[in-house]
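Peer 1: Input: one structure, supplied below.
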Amino acid sequence: MSDMQDSLRELYQEVIFDHNRNPRNYRPLPAASHHADGHNPLCGDQLTVYLQVEDGIVREASFVGHGCAISTASASLMTEAVKGKPVAEVEALFRDVHALLTEGREAADPARDFGKLEVLSGVKEFPARVKCATLAWHTLHNALVGEHETAHTE
Amino acid sequence: MNAPRDPGAQTPILDLAADFPILARPVHGRRLAYLDNGATTQKPAAVIEAEARFYRESNANIHRGVHWLSQHATELYDGARATVQRFLNAARADEIVFTRGTTEAINLVAQSWGRPRLAAGDEILLSTMEHHSNIVPWQLVCEQTGAVLKVIPVQDNGELDMEAFEGLLGERTRLLAITHVSNALGTVNPVAEMTRRAHELGALVLVDGAQAVAHQAVDVQAIGCDFYAFSGHKLYGPTGIGALYGRAELLRHMPPWQGGGDMIRTVAFDNTTFAPPPQRFEAGTPNIAGAIALAAAIDYMQGVGLARIHAHEQALLEYGTRALQDIPGVRLVGTAREKAGILSFLVDGIHPHDLGTILDSEGVAIRAGHHCAMPLMTRFGIPGTARASLGLYNGLADLDALVAAIHKAQALFGTRRQA
């Protein structure tokens, strides 16, 4: 088994396929207090992230859009992970996930338990695909800071 | 090695991979099946050697030295121009302008021919299947002049809508800018016929030949076009070199678009005069080694024979088309009657980028995405496609590897269906 085949299996795990086939929280959120668009013009991935924030807590999170399995699964896992968390904690999670995907586990907070999100770290071995996994997270960040420019990863 | 299985008697399959050193290099432990020739081609040893030999034995600046090496380099560079002239069957060598590639050649025409001549309301006619490099330079010149773009639509099979073309061609059409071969669909457009019609209405014609020159013999006089642009790296030559063919009487009246050395006759602060074409359009020290290596690539292709290359790629295209159509869940995008060796396709339930990653893990190099033809993808209502594009060194084994890798992707994604 070559390194490449191992890396491929690390990336395309059942969790990814599951969330790609059945994305969680895949719907617009009419009551959203925050939303932002994300676009990766290179591969055409496009999504909108919706958040309902009350008393500094992310009560609801959802997304709609289209993209590859990695970007769809990343968005789906993200909406699950941020629900119920204080905004400050979601921002900290964004920074840690970004570090995990671009630099590796050691660059993130050692105390951070990524849970299911750990599966996304497989993209690190595929430089051309890192942007697929980070798109939803950049869009989440933009929604929270009220950045209305479309988030771009390319 | 990899002796191709002969799919039938008299098939003209070539076996030239041994001429290309990079193809011996395994990728991820697999034999490399390089099917991204539409993006760039690999280089034969003869081209790599030609570029290295220039720097080892002949390097000097051109057109200005009295010393022997400079004269020698100048002869090689001018010889390369003559090689391109013969390759395109241009009437004269000074109709060939060396550029960085197709993109620069089109920008040259837009800025030097278009900008001074176009007026508000003038029309530039192009098509939905153009590469961004045959759209954006015209958008820029439209902003500068008030000219407008008109777009020939594409039919479901990837052929141009010729009736619509006739309707769009009119008194205000100043230029038809059309691709010879679609990089995303493989469609070969009837450029000679379109040129004849455009000329009847007094419009000039630029043909984007980037995807055509490596796959069939091109004769600019037979096409009758006014400009023809191509890139060296798409025909087994180096990156950073390409050429523009322009009819002599047009080039003669076009102003320079970049200023610098080599493009002038005399320079004074109150009056600078310019060199005649092609030097007028080649400001600064050109890519001398690139031009010489481009000529070596053309020599290599002509040594094989353009007709044989065309027959080989058509045989592969037919084999690959059938093989892909036989996979349940695979849909070809672009099924024009006349096609070059490009197979654009979609696999049900698998995004092109996921497919590209999985194919790569099997040593199969394809392109996934919009292929710099976003308006065309919008036309088909898709974000992109997977694209396998053929070259003269590909064999049936490469297409078999492609098919096997698609099966693997379908198995991994759980979308494999029985035929």
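So you can find residues: chains in the structure tokens are A, B, ... in the order shown, residues in each start at 1, and ligands are numbered from 1 in order.
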As number ranges by chain, which residues of range 132-262 of chain B does DSSP assign to strand (DSSP E)?
Peer 2: B: 148-152, 173-179, 204-208, 227-231, 242-246
Peer 1: Find the residues of chain A in contact range of chain B, meaning any atom within 9 Å when counting only C-alpha atoms, and list them as a list of chain:residue names.
Peer 2: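 Therefore, the residues near the partner are A:Ser2, A:Asp3, A:Met4, A:Gln5, A:Leu8, A:Tyr12, A:Phe17, A:Arg21, A:Pro41, A:Leu42, A:Cys43, A:Gly44, A:Asp45, A:His66, A:Gly67, A:Cys68, A:Ala69, A:Ile70, A:Phe126, A:Ala128, A:Arg129.
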Peer 1: Could you name the residues that touch Thr134 in chain A at 12 Å or less, counting only C-alpha atoms, but leaving out those on the same chain fewer than 2 positions away, as a ChimeraX atom specification?
Peer 2: /A:38-40,45,47,70-75,77-78,94-102,117,120-121,123-124,127-132,136-141,151-154
Peer 1: Can those selected residues be exported to a file as a compact mmCIF listing (two decimals), in the first residue's frame so that it contains C-alpha atoms?
Peer 2:
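As written to disk, selection34.txt reads:
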```
# COMPACT_ATOMS: atom_id res chain seq x y z
CA GLY A 38 -18.52 31.82 0.16
CA HIS A 39 -17.14 31.10 -3.29
CA ASN A 40 -14.16 29.23 -4.64
CA ASP A 45 -17.79 25.69 -4.96
CA LEU A 47 -22.25 28.21 -0.33
CA ILE A 70 -14.80 17.71 1.01
CA SER A 71 -16.38 21.17 1.00
CA THR A 72 -19.90 19.83 1.54
CA ALA A 73 -18.85 17.56 4.41
CA SER A 74 -16.79 20.33 5.98
CA ALA A 75 -19.78 22.71 5.92
CA LEU A 77 -19.74 19.06 10.12
CA MET A 78 -19.17 22.73 10.88
CA PHE A 94 -12.44 28.64 13.44
CA ARG A 95 -8.83 29.58 14.20
CA ASP A 96 -7.99 26.08 15.41
CA VAL A 97 -9.67 24.32 12.48
CA HIS A 98 -7.88 26.65 10.09
CA ALA A 99 -4.56 25.82 11.78
CA LEU A 100 -5.36 22.10 11.73
CA LEU A 101 -6.12 22.11 8.00
CA THR A 102 -3.33 24.33 6.81
CA LEU A 117 -13.85 17.52 12.80
CA LEU A 120 -10.99 17.00 7.92
CA SER A 121 -7.29 17.01 8.79
CA VAL A 123 -6.72 17.34 3.43
CA LYS A 124 -3.33 18.48 4.72
CA PRO A 127 -2.50 20.96 -0.98
CA ALA A 128 -4.85 21.46 -3.93
CA ARG A 129 -7.83 20.51 -1.75
CA VAL A 130 -7.19 22.46 1.46
CA LYS A 131 -9.29 25.37 0.17
CA CYS A 132 -12.25 23.02 -0.30
CA ALA A 136 -17.18 26.98 4.86
CA TRP A 137 -15.09 28.09 7.82
CA HIS A 138 -13.96 31.34 6.20
CA THR A 139 -17.59 31.98 5.32
CA LEU A 140 -18.63 31.30 8.94
CA HIS A 141 -16.01 33.76 10.15
CA ALA A 151 -15.50 34.85 1.18
CA HIS A 152 -13.08 33.57 -1.43
CA THR A 153 -10.70 30.70 -1.33
CA GLU A 154 -8.73 29.98 -4.47
```
Peer 1: Point out the residue among B:Met194, B:Leu16, B:Ala46, B:Ala222 with the least atom-to-atom distance to Ala91 in chain B, counting only C-alpha atoms.
Peer 2: B:Ala222
Peer 1: Tell me, as a PDB file with C-alpha atoms, in the first residue's frame, which residues lie within 10 Å of Arg31 in chain B, counting only C-alpha atoms; anything in the same chain fewer than 6 positions away does not count.
Peer 2:
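Okay, this is what ended up in result01.pdb:
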```
ATOM      1  CA  ASN B   2       2.599  -1.265 -22.265  1.00  0.00           C
ATOM      2  CA  LEU B  23       6.707   9.909 -18.885  1.00  0.00           C
ATOM      3  CA  ALA B  24       9.149   7.373 -17.418  1.00  0.00           C
ATOM      4  CA  ARG B  25       8.662   8.965 -14.011  1.00  0.00           C
ATOM      5  CA  GLU B 362      -3.863   6.130  -9.494  1.00  0.00           C
ATOM      6  CA  GLY B 363      -1.293   8.052 -11.546  1.00  0.00           C
ATOM      7  CA  VAL B 364      -3.961   9.410 -13.909  1.00  0.00           C
ATOM      8  CA  ALA B 397      -3.122   1.949 -21.830  1.00  0.00           C
ATOM      9  CA  ASP B 398      -3.626   5.544 -20.640  1.00  0.00           C
ATOM     10  CA  ALA B 401      -5.968   3.461 -16.696  1.00  0.00           C
TER      11      ALA B 401
END
```
Peer 1: Can you tell me which residues surround Gly395 in chain B at a distance of at most 8 Å, considering only C-alpha atoms, apart from same-chain residues fewer than 5 positions away, and format the answer as a VMD selection string?
Peer 2: chain B and resid 4 13 to 15 316
Peer 1: Need the shell around Ile135 in chain B: protein/DNA/RNA residues with any atom at most 12 Å away, counting only C-alpha atoms. Skip same-chain ones fewer than 4 positions apart. Format as a ChimeraX atom specification?
Peer 2: /B:103,106-107,110,124-131,139-142,148-151,176-179,208,372-376
Peer 1: Can you list, as number ranges by chain, every residue of range 209-337 of chain B that DSSP puts in helix (DSSP H, G or I)?
Peer 2: B: 220-223, 232-235, 248-252, 279-281, 288-304, 306-325
Peer 1: What does the file look like for those residues with C-alpha atoms, as a short mmCIF file (atom, residue, chain, number, x, y, z; two decimals), in the first residue's frame?
Peer 2:
```
data_model
loop_
_atom_site.label_atom_id
_atom_site.label_comp_id
_atom_site.auth_asym_id
_atom_site.auth_seq_id
_atom_site.Cartn_x
_atom_site.Cartn_y
_atom_site.Cartn_z
CA VAL B 220 -3.69 30.06 -42.26
CA GLN B 221 -3.99 30.85 -45.97
CA ALA B 222 -6.50 28.06 -46.48
CA ILE B 223 -8.51 29.26 -43.46
CA GLY B 232 4.34 26.74 -27.82
CA HIS B 233 3.71 24.77 -24.65
CA LYS B 234 0.54 23.21 -26.02
CA LEU B 235 2.51 21.63 -28.87
CA ALA B 248 1.29 41.62 -43.53
CA GLU B 249 -0.85 44.55 -44.69
CA LEU B 250 -2.65 44.59 -41.32
CA LEU B 251 0.49 44.37 -39.19
CA ARG B 252 2.09 47.12 -41.28
CA GLN B 279 10.13 43.61 -34.62
CA ARG B 280 7.67 46.45 -33.95
CA PHE B 281 5.71 44.05 -31.74
CA ILE B 288 15.26 33.50 -27.72
CA ALA B 289 15.84 30.01 -26.33
CA GLY B 290 12.09 29.47 -26.18
CA ALA B 291 11.63 30.37 -29.84
CA ILE B 292 14.42 28.01 -30.85
CA ALA B 293 13.00 25.20 -28.71
CA LEU B 294 9.53 25.90 -30.16
CA ALA B 295 11.01 25.38 -33.62
CA ALA B 296 12.50 22.09 -32.36
CA ALA B 297 9.04 21.04 -31.16
CA ILE B 298 7.57 21.84 -34.58
CA ASP B 299 10.39 19.88 -36.23
CA TYR B 300 9.62 16.96 -33.91
CA MET B 301 5.91 17.03 -34.74
CA GLN B 302 6.60 17.31 -38.46
CA GLY B 303 9.04 14.43 -38.17
CA VAL B 304 6.19 12.31 -36.82
CA LEU B 306 0.75 15.97 -38.51
CA ALA B 307 -1.55 13.63 -40.44
CA ARG B 308 -0.32 10.62 -38.45
CA ILE B 309 -0.69 12.53 -35.16
CA HIS B 310 -4.24 13.45 -36.13
CA ALA B 311 -5.15 9.87 -37.09
CA HIS B 312 -3.59 8.53 -33.86
CA GLU B 313 -5.49 10.96 -31.66
CA GLN B 314 -8.75 10.37 -33.51
CA ALA B 315 -8.35 6.63 -32.92
CA LEU B 316 -7.72 7.25 -29.21
CA LEU B 317 -10.64 9.66 -29.04
CA GLU B 318 -12.96 7.07 -30.52
CA TYR B 319 -11.67 4.38 -28.14
CA GLY B 320 -11.93 6.70 -25.11
CA THR B 321 -15.38 7.98 -26.07
CA ARG B 322 -16.72 4.44 -26.27
CA ALA B 323 -14.97 3.39 -23.05
CA LEU B 324 -16.42 6.32 -21.09
CA GLN B 325 -19.90 5.90 -22.55
#
```
Peer 1: Got a sec: who's within 7 Å of Ile342 in chain B, counting only C-alpha atoms, leaving out chain neighbours fewer than 3 positions off, as a list in words?
Peer 2: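 Here the qualifying residues turn out to be Leu185, Gly186, Arg387, Ala388, Ser389 and Leu390 of chain B.
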Peer 1: Include N, CA and C atoms and write out the residues we just selected as a compact mmCIF listing (two decimals), in the first residue's frame.
Peer 2:
```txt
# COMPACT_ATOMS: atom_id res chain seq x y z
N LEU B 185 -14.50 21.37 -24.62
CA LEU B 185 -15.41 20.41 -25.25
C LEU B 185 -14.75 19.60 -26.36
N GLY B 186 -13.68 20.13 -26.93
CA GLY B 186 -13.02 19.46 -28.04
C GLY B 186 -13.61 19.79 -29.40
N ARG B 387 -11.75 16.54 -17.27
CA ARG B 387 -11.35 16.57 -18.67
C ARG B 387 -10.09 15.75 -18.90
N ALA B 388 -10.18 14.77 -19.76
CA ALA B 388 -9.00 14.05 -20.21
C ALA B 388 -8.69 14.56 -21.60
N SER B 389 -7.47 15.04 -21.80
CA SER B 389 -7.10 15.59 -23.10
C SER B 389 -5.87 14.85 -23.61
N LEU B 390 -5.92 14.49 -24.89
CA LEU B 390 -4.94 13.56 -25.46
C LEU B 390 -3.77 14.26 -26.13
```
